[in-house]
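The structure file input.cif is reproduced below (mmCIF, C-alpha atoms and all ligand atoms).
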data_work
#
loop_
_atom_site.label_atom_id
_atom_site.label_comp_id
_atom_site.auth_asym_id
_atom_site.auth_seq_id
_atom_site.Cartn_x
_atom_site.Cartn_y
_atom_site.Cartn_z
CA MET A 208 42.54 -34.19 46.50
CA ILE A 209 43.11 -32.22 43.34
CA THR A 210 45.78 -33.04 40.78
CA LEU A 211 46.74 -30.42 38.24
CA TYR A 212 48.42 -31.73 35.10
CA GLN A 213 50.35 -28.85 33.71
CA PHE A 214 53.44 -27.23 32.24
CA GLU A 215 55.16 -25.02 34.80
CA ASP A 216 55.66 -22.28 32.19
CA CYS A 217 52.13 -22.38 30.76
CA PRO A 218 50.19 -19.15 31.45
CA TYR A 219 46.84 -21.00 31.57
CA CYS A 220 48.28 -23.42 34.14
CA LYS A 221 49.53 -20.47 36.16
CA MET A 222 46.01 -18.98 36.25
CA VAL A 223 44.68 -22.29 37.56
CA ARG A 224 47.41 -22.51 40.21
CA GLU A 225 46.52 -19.00 41.34
CA ALA A 226 42.82 -19.94 41.61
CA LEU A 227 43.75 -23.05 43.59
CA ASP A 228 46.01 -21.07 45.92
CA GLU A 229 43.28 -18.49 46.44
CA SER A 230 40.73 -21.20 47.24
CA LYS A 231 43.15 -22.75 49.75
CA ALA A 232 42.44 -26.15 48.22
CA ARG A 233 45.05 -28.86 48.69
CA TYR A 234 46.50 -29.94 45.37
CA ARG A 235 49.50 -31.43 43.72
CA THR A 236 50.94 -30.66 40.32
CA VAL A 237 52.17 -33.16 37.77
CA GLU A 238 54.41 -31.91 34.98
CA ALA A 239 53.09 -33.26 31.68
CA ALA A 240 55.18 -34.11 28.63
CA ARG A 241 55.11 -31.75 25.65
CA ASP A 242 54.47 -34.69 23.34
CA ARG A 243 50.73 -35.30 22.82
CA GLU A 244 51.53 -38.95 22.08
CA ASP A 245 53.00 -39.42 25.55
CA PRO A 246 50.87 -42.00 27.44
CA LEU A 247 49.92 -39.55 30.20
CA ARG A 248 48.92 -36.88 27.65
CA ARG A 249 46.83 -39.44 25.78
CA MET A 250 45.11 -40.50 29.01
CA LEU A 251 44.35 -36.87 29.87
CA PHE A 252 42.82 -36.31 26.45
CA GLU A 253 40.74 -39.49 26.66
CA LYS A 254 39.38 -38.55 30.07
CA SER A 255 38.90 -34.79 29.64
CA LYS A 256 38.32 -34.63 25.86
CA VAL A 257 40.59 -31.57 25.86
CA PRO A 258 43.94 -31.92 24.03
CA THR A 259 45.86 -29.24 25.93
CA VAL A 260 47.00 -28.66 29.49
CA PRO A 261 45.96 -27.66 32.07
CA VAL A 262 43.78 -30.64 32.94
CA ALA A 263 42.70 -31.10 36.55
CA GLU A 264 41.41 -34.16 38.32
CA ILE A 265 38.95 -32.82 40.86
CA ASP A 266 37.05 -35.25 43.06
CA GLY A 267 37.68 -38.01 40.52
CA GLU A 268 36.59 -36.03 37.46
CA PHE A 269 38.98 -34.92 34.74
CA ILE A 270 38.34 -31.35 33.60
CA GLY A 271 40.24 -29.67 30.77
CA GLY A 272 40.60 -26.01 29.91
CA SER A 273 41.63 -23.32 32.35
CA ARG A 274 38.27 -21.56 32.35
CA ALA A 275 36.30 -24.73 33.13
CA ILE A 276 38.78 -25.74 35.81
CA ILE A 277 38.66 -22.35 37.51
CA GLU A 278 34.85 -22.33 37.45
CA ARG A 279 34.84 -25.76 39.05
CA ILE A 280 37.30 -24.66 41.75
CA LYS A 281 35.07 -21.69 42.59
CA LEU A 282 31.96 -23.89 42.76
CA ARG A 283 33.76 -26.38 44.97
CA LYS A 284 34.73 -23.63 47.35
CA SER A 285 31.17 -22.50 47.99
N1 LIG B 301 42.15 -22.80 26.01
C1 LIG B 301 43.13 -23.60 26.73
C2 LIG B 301 44.52 -23.30 26.20
C3 LIG B 301 45.59 -24.14 26.86
C4 LIG B 301 46.88 -24.19 26.06
O1 LIG B 301 47.02 -23.53 25.00
N2 LIG B 301 47.85 -24.93 26.60
C5 LIG B 301 49.12 -25.11 25.92
C6 LIG B 301 50.27 -24.74 26.85
S1 LIG B 301 50.22 -23.01 27.33
C7 LIG B 301 49.33 -26.57 25.56
O2 LIG B 301 48.78 -27.47 26.17
N3 LIG B 301 50.21 -26.80 24.57
C8 LIG B 301 50.60 -28.15 24.22
C9 LIG B 301 49.78 -28.77 23.15
O3 LIG B 301 48.97 -28.07 22.51
O4 LIG B 301 49.93 -29.98 22.96
C10 LIG B 301 43.00 -23.33 28.22
O5 LIG B 301 42.50 -22.25 28.57
O6 LIG B 301 43.36 -24.19 29.05
#

For the structure just supplied, provide its representation as structure tokens.
Amino acid sequence: MITLYQFEDCPYCKMVREALDESKARYRTVEAARDREDPLRRMLFEKSKVPTVPVAEIDGEFIGGSRAIIERIKLRKS
């Protein structure tokens, strides 16, 4: 299962959703808070080392940054 932590209106998150849809992977989205001090945002930063969204949990690993996430989705597909 893939979980995408995102903002619905974030263009980088949209690119990741499009890559996920194209790959036909099953995923769920979780809307993150705008506040970086929010506990979920802090957890995402601790685990991915990336302070922004999107962050994706893919096969138990937290990956931050749209480019890295999309690369990982493409690798997973093959
Ligand atoms: N280089 C990053 C940029 C991501 C980014 O700028 N995300 C914005 C939303 S569009 C964000 O997380 N803003 C909230 C913040 O900086 O705390 C990527 O490609 O994922």

Each residue of chain A with at least one atom at most 7 Å from ligand LIG 301 (chain B) should appear once, together with its nearest atom pair and the corresponding distance in Å (one decimal); atoms considered: only C-alpha atoms and all ligand atoms; ordering: chain, then increasing residue number; output as a Markdown table.
| residue | atom | partner | partner_atom | distance |
| --- | --- | --- | --- | --- |
| A:Phe214 | CA | B:LIG301 | C6 | 6.7 |
| A:Cys217 | CA | B:LIG301 | S1 | 4.0 |
| A:Pro218 | CA | B:LIG301 | S1 | 5.6 |
| A:Tyr219 | CA | B:LIG301 | O6 | 5.4 |
| A:Arg241 | CA | B:LIG301 | C8 | 5.9 |
| A:Asp242 | CA | B:LIG301 | O4 | 6.6 |
| A:Arg243 | CA | B:LIG301 | O4 | 5.4 |
| A:Pro258 | CA | B:LIG301 | O4 | 6.4 |
| A:Thr259 | CA | B:LIG301 | O2 | 3.4 |
| A:Val260 | CA | B:LIG301 | O2 | 4.0 |
| A:Pro261 | CA | B:LIG301 | O6 | 5.3 |
| A:Gly271 | CA | B:LIG301 | O6 | 6.5 |
| A:Gly272 | CA | B:LIG301 | O6 | 3.4 |
| A:Ser273 | CA | B:LIG301 | O6 | 3.8 |
| A:Arg274 | CA | B:LIG301 | O5 | 5.7 |

From the set A:Glu264, A:Glu244, A:Ile209, A:Ile277, which residue has the shortest atom-to-atom contact distance to Glu225 in chain A, counting only C-alpha atoms?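 Of A:Glu264, A:Glu244, A:Ile209, A:Ile277, the one nearest Glu225 in chain A, counting only C-alpha atoms, is A:Ile277.
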
Interatomic distance, CA of Arg235 in chain A to CA of Met208 in chain A (Å, one decimal):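 CA of Arg235 in chain A sits 8.0 Å away from CA of Met208 in chain A.
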
Residue neighbourhood Tyr212 in chain A, 8 Å, only C-alpha atoms, exclusion window fewer than 3 positions, as a CSV table (one decimal) with C-alpha atoms, in the coordinates of the input:
chain,number,residue,atom,x,y,z
A,236,THR,CA,50.9,-30.7,40.3
A,237,VAL,CA,52.2,-33.2,37.8
A,238,GLU,CA,54.4,-31.9,35.0
A,239,ALA,CA,53.1,-33.3,31.7
A,260,VAL,CA,47.0,-28.7,29.5
A,261,PRO,CA,46.0,-27.7,32.1
A,262,VAL,CA,43.8,-30.6,32.9
A,263,ALA,CA,42.7,-31.1,36.6

Looking at A:Asp245, A:Asp216, A:Glu253, A:Asp266, which one is nearest to Arg233 in chain A, with distances taken over only C-alpha atoms?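 Nearest to Arg233 in chain A: A:Asp266.
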
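Using all atoms listed in the file, the protein and nucleic acid residues lying at most 10 Å from the point (43.1, -27.0, 47.1) are Met208, Ile209, Thr210, Arg224, Ala226, Leu227, Asp228, Glu229, Ser230, Lys231, Ala232, Arg233, Tyr234, Arg235, Ile265, Ile280, Arg283 and Lys284 of chain A.
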
Could you please determine the separation between CA of Arg249 in chain A and CA of Met222 in chain A in Å, to one decimal place?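 If I compute the distance from CA of Arg249 in chain A to CA of Met222 in chain A, I get 23.0 Å.
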
Can you sort out the box for range 220-238 of chain A, edges along x, y and z, all listed atoms in, 5 Å on every side, with centre and edge lengths in Å to one decimal, as AutoDock Vina command-line options?
--center_x 47.6 --center_y -25.8 --center_z 41.9 --size_x 23.7 --size_y 24.7 --size_z 25.6

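For the pair CA of Phe269 in chain A and CA of Lys221 in chain A, the separation is 17.9 Å.
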
Using only C-alpha atoms, can you tell me which of A:Val223, A:Gln213, A:Lys256, A:Leu251 comes closest to Ile276 in chain A?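 Checking each of A:Val223, A:Gln213, A:Lys256, A:Leu251 against Ile276 in chain A, counting only C-alpha atoms, the winner is A:Val223.
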
Missing atoms in range 210-233 of chain A need filling: write out N, CA and C atoms for it as a PDB file, in the frame of the given file.
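Wrote it out as out-v4.pdb, contents follow:
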ATOM      1  N   THR A 210      44.517 -32.929  41.517  1.00  0.00           N
ATOM      2  CA  THR A 210      45.780 -33.040  40.780  1.00  0.00           C
ATOM      3  C   THR A 210      45.690 -32.168  39.549  1.00  0.00           C
ATOM      4  N   LEU A 211      46.676 -31.303  39.404  1.00  0.00           N
ATOM      5  CA  LEU A 211      46.740 -30.420  38.240  1.00  0.00           C
ATOM      6  C   LEU A 211      47.847 -30.904  37.323  1.00  0.00           C
ATOM      7  N   TYR A 212      47.453 -31.327  36.125  1.00  0.00           N
ATOM      8  CA  TYR A 212      48.420 -31.730  35.100  1.00  0.00           C
ATOM      9  C   TYR A 212      48.729 -30.488  34.298  1.00  0.00           C
ATOM     10  N   GLN A 213      49.989 -30.179  34.182  1.00  0.00           N
ATOM     11  CA  GLN A 213      50.350 -28.850  33.710  1.00  0.00           C
ATOM     12  C   GLN A 213      51.741 -28.801  33.087  1.00  0.00           C
ATOM     13  N   PHE A 214      52.060 -27.616  32.530  1.00  0.00           N
ATOM     14  CA  PHE A 214      53.440 -27.230  32.240  1.00  0.00           C
ATOM     15  C   PHE A 214      53.711 -26.068  33.207  1.00  0.00           C
ATOM     16  N   GLU A 215      54.849 -26.077  33.839  1.00  0.00           N
ATOM     17  CA  GLU A 215      55.160 -25.020  34.800  1.00  0.00           C
ATOM     18  C   GLU A 215      55.145 -23.646  34.133  1.00  0.00           C
ATOM     19  N   ASP A 216      55.550 -23.588  32.861  1.00  0.00           N
ATOM     20  CA  ASP A 216      55.660 -22.280  32.190  1.00  0.00           C
ATOM     21  C   ASP A 216      54.427 -21.919  31.357  1.00  0.00           C
ATOM     22  N   CYS A 217      53.351 -22.642  31.540  1.00  0.00           N
ATOM     23  CA  CYS A 217      52.130 -22.380  30.760  1.00  0.00           C
ATOM     24  C   CYS A 217      51.285 -21.318  31.472  1.00  0.00           C
ATOM     25  N   PRO A 218      50.946 -20.222  30.788  1.00  0.00           N
ATOM     26  CA  PRO A 218      50.190 -19.150  31.450  1.00  0.00           C
ATOM     27  C   PRO A 218      48.792 -19.593  31.908  1.00  0.00           C
ATOM     28  N   TYR A 219      48.171 -20.499  31.167  1.00  0.00           N
ATOM     29  CA  TYR A 219      46.840 -21.000  31.570  1.00  0.00           C
ATOM     30  C   TYR A 219      46.956 -21.833  32.843  1.00  0.00           C
ATOM     31  N   CYS A 220      48.040 -22.602  32.933  1.00  0.00           N
ATOM     32  CA  CYS A 220      48.280 -23.420  34.140  1.00  0.00           C
ATOM     33  C   CYS A 220      48.535 -22.508  35.336  1.00  0.00           C
ATOM     34  N   LYS A 221      49.240 -21.420  35.084  1.00  0.00           N
ATOM     35  CA  LYS A 221      49.530 -20.470  36.160  1.00  0.00           C
ATOM     36  C   LYS A 221      48.227 -19.866  36.698  1.00  0.00           C
ATOM     37  N   MET A 222      47.300 -19.545  35.790  1.00  0.00           N
ATOM     38  CA  MET A 222      46.010 -18.980  36.250  1.00  0.00           C
ATOM     39  C   MET A 222      45.280 -19.989  37.129  1.00  0.00           C
ATOM     40  N   VAL A 223      45.358 -21.263  36.755  1.00  0.00           N
ATOM     41  CA  VAL A 223      44.680 -22.290  37.560  1.00  0.00           C
ATOM     42  C   VAL A 223      45.372 -22.436  38.921  1.00  0.00           C
ATOM     43  N   ARG A 224      46.699 -22.429  38.928  1.00  0.00           N
ATOM     44  CA  ARG A 224      47.410 -22.510  40.210  1.00  0.00           C
ATOM     45  C   ARG A 224      47.024 -21.349  41.123  1.00  0.00           C
ATOM     46  N   GLU A 225      46.896 -20.166  40.534  1.00  0.00           N
ATOM     47  CA  GLU A 225      46.520 -19.000  41.340  1.00  0.00           C
ATOM     48  C   GLU A 225      45.116 -19.174  41.931  1.00  0.00           C
ATOM     49  N   ALA A 226      44.197 -19.705  41.110  1.00  0.00           N
ATOM     50  CA  ALA A 226      42.820 -19.940  41.610  1.00  0.00           C
ATOM     51  C   ALA A 226      42.839 -20.986  42.727  1.00  0.00           C
ATOM     52  N   LEU A 227      43.662 -22.004  42.553  1.00  0.00           N
ATOM     53  CA  LEU A 227      43.750 -23.050  43.590  1.00  0.00           C
ATOM     54  C   LEU A 227      44.344 -22.463  44.879  1.00  0.00           C
ATOM     55  N   ASP A 228      45.383 -21.664  44.729  1.00  0.00           N
ATOM     56  CA  ASP A 228      46.010 -21.070  45.920  1.00  0.00           C
ATOM     57  C   ASP A 228      45.007 -20.163  46.646  1.00  0.00           C
ATOM     58  N   GLU A 229      44.269 -19.403  45.859  1.00  0.00           N
ATOM     59  CA  GLU A 229      43.280 -18.490  46.440  1.00  0.00           C
ATOM     60  C   GLU A 229      42.185 -19.257  47.178  1.00  0.00           C
ATOM     61  N   SER A 230      41.817 -20.415  46.626  1.00  0.00           N
ATOM     62  CA  SER A 230      40.730 -21.200  47.240  1.00  0.00           C
ATOM     63  C   SER A 230      41.211 -21.974  48.469  1.00  0.00           C
ATOM     64  N   LYS A 231      42.527 -22.021  48.651  1.00  0.00           N
ATOM     65  CA  LYS A 231      43.150 -22.750  49.750  1.00  0.00           C
ATOM     66  C   LYS A 231      42.934 -24.268  49.630  1.00  0.00           C
ATOM     67  N   ALA A 232      42.611 -24.714  48.428  1.00  0.00           N
ATOM     68  CA  ALA A 232      42.440 -26.150  48.220  1.00  0.00           C
ATOM     69  C   ALA A 232      43.811 -26.836  48.274  1.00  0.00           C
ATOM     70  N   ARG A 233      43.812 -28.075  48.708  1.00  0.00           N
ATOM     71  CA  ARG A 233      45.050 -28.860  48.690  1.00  0.00           C
ATOM     72  C   ARG A 233      45.169 -29.484  47.305  1.00  0.00           C
TER      73      ARG A 233
END
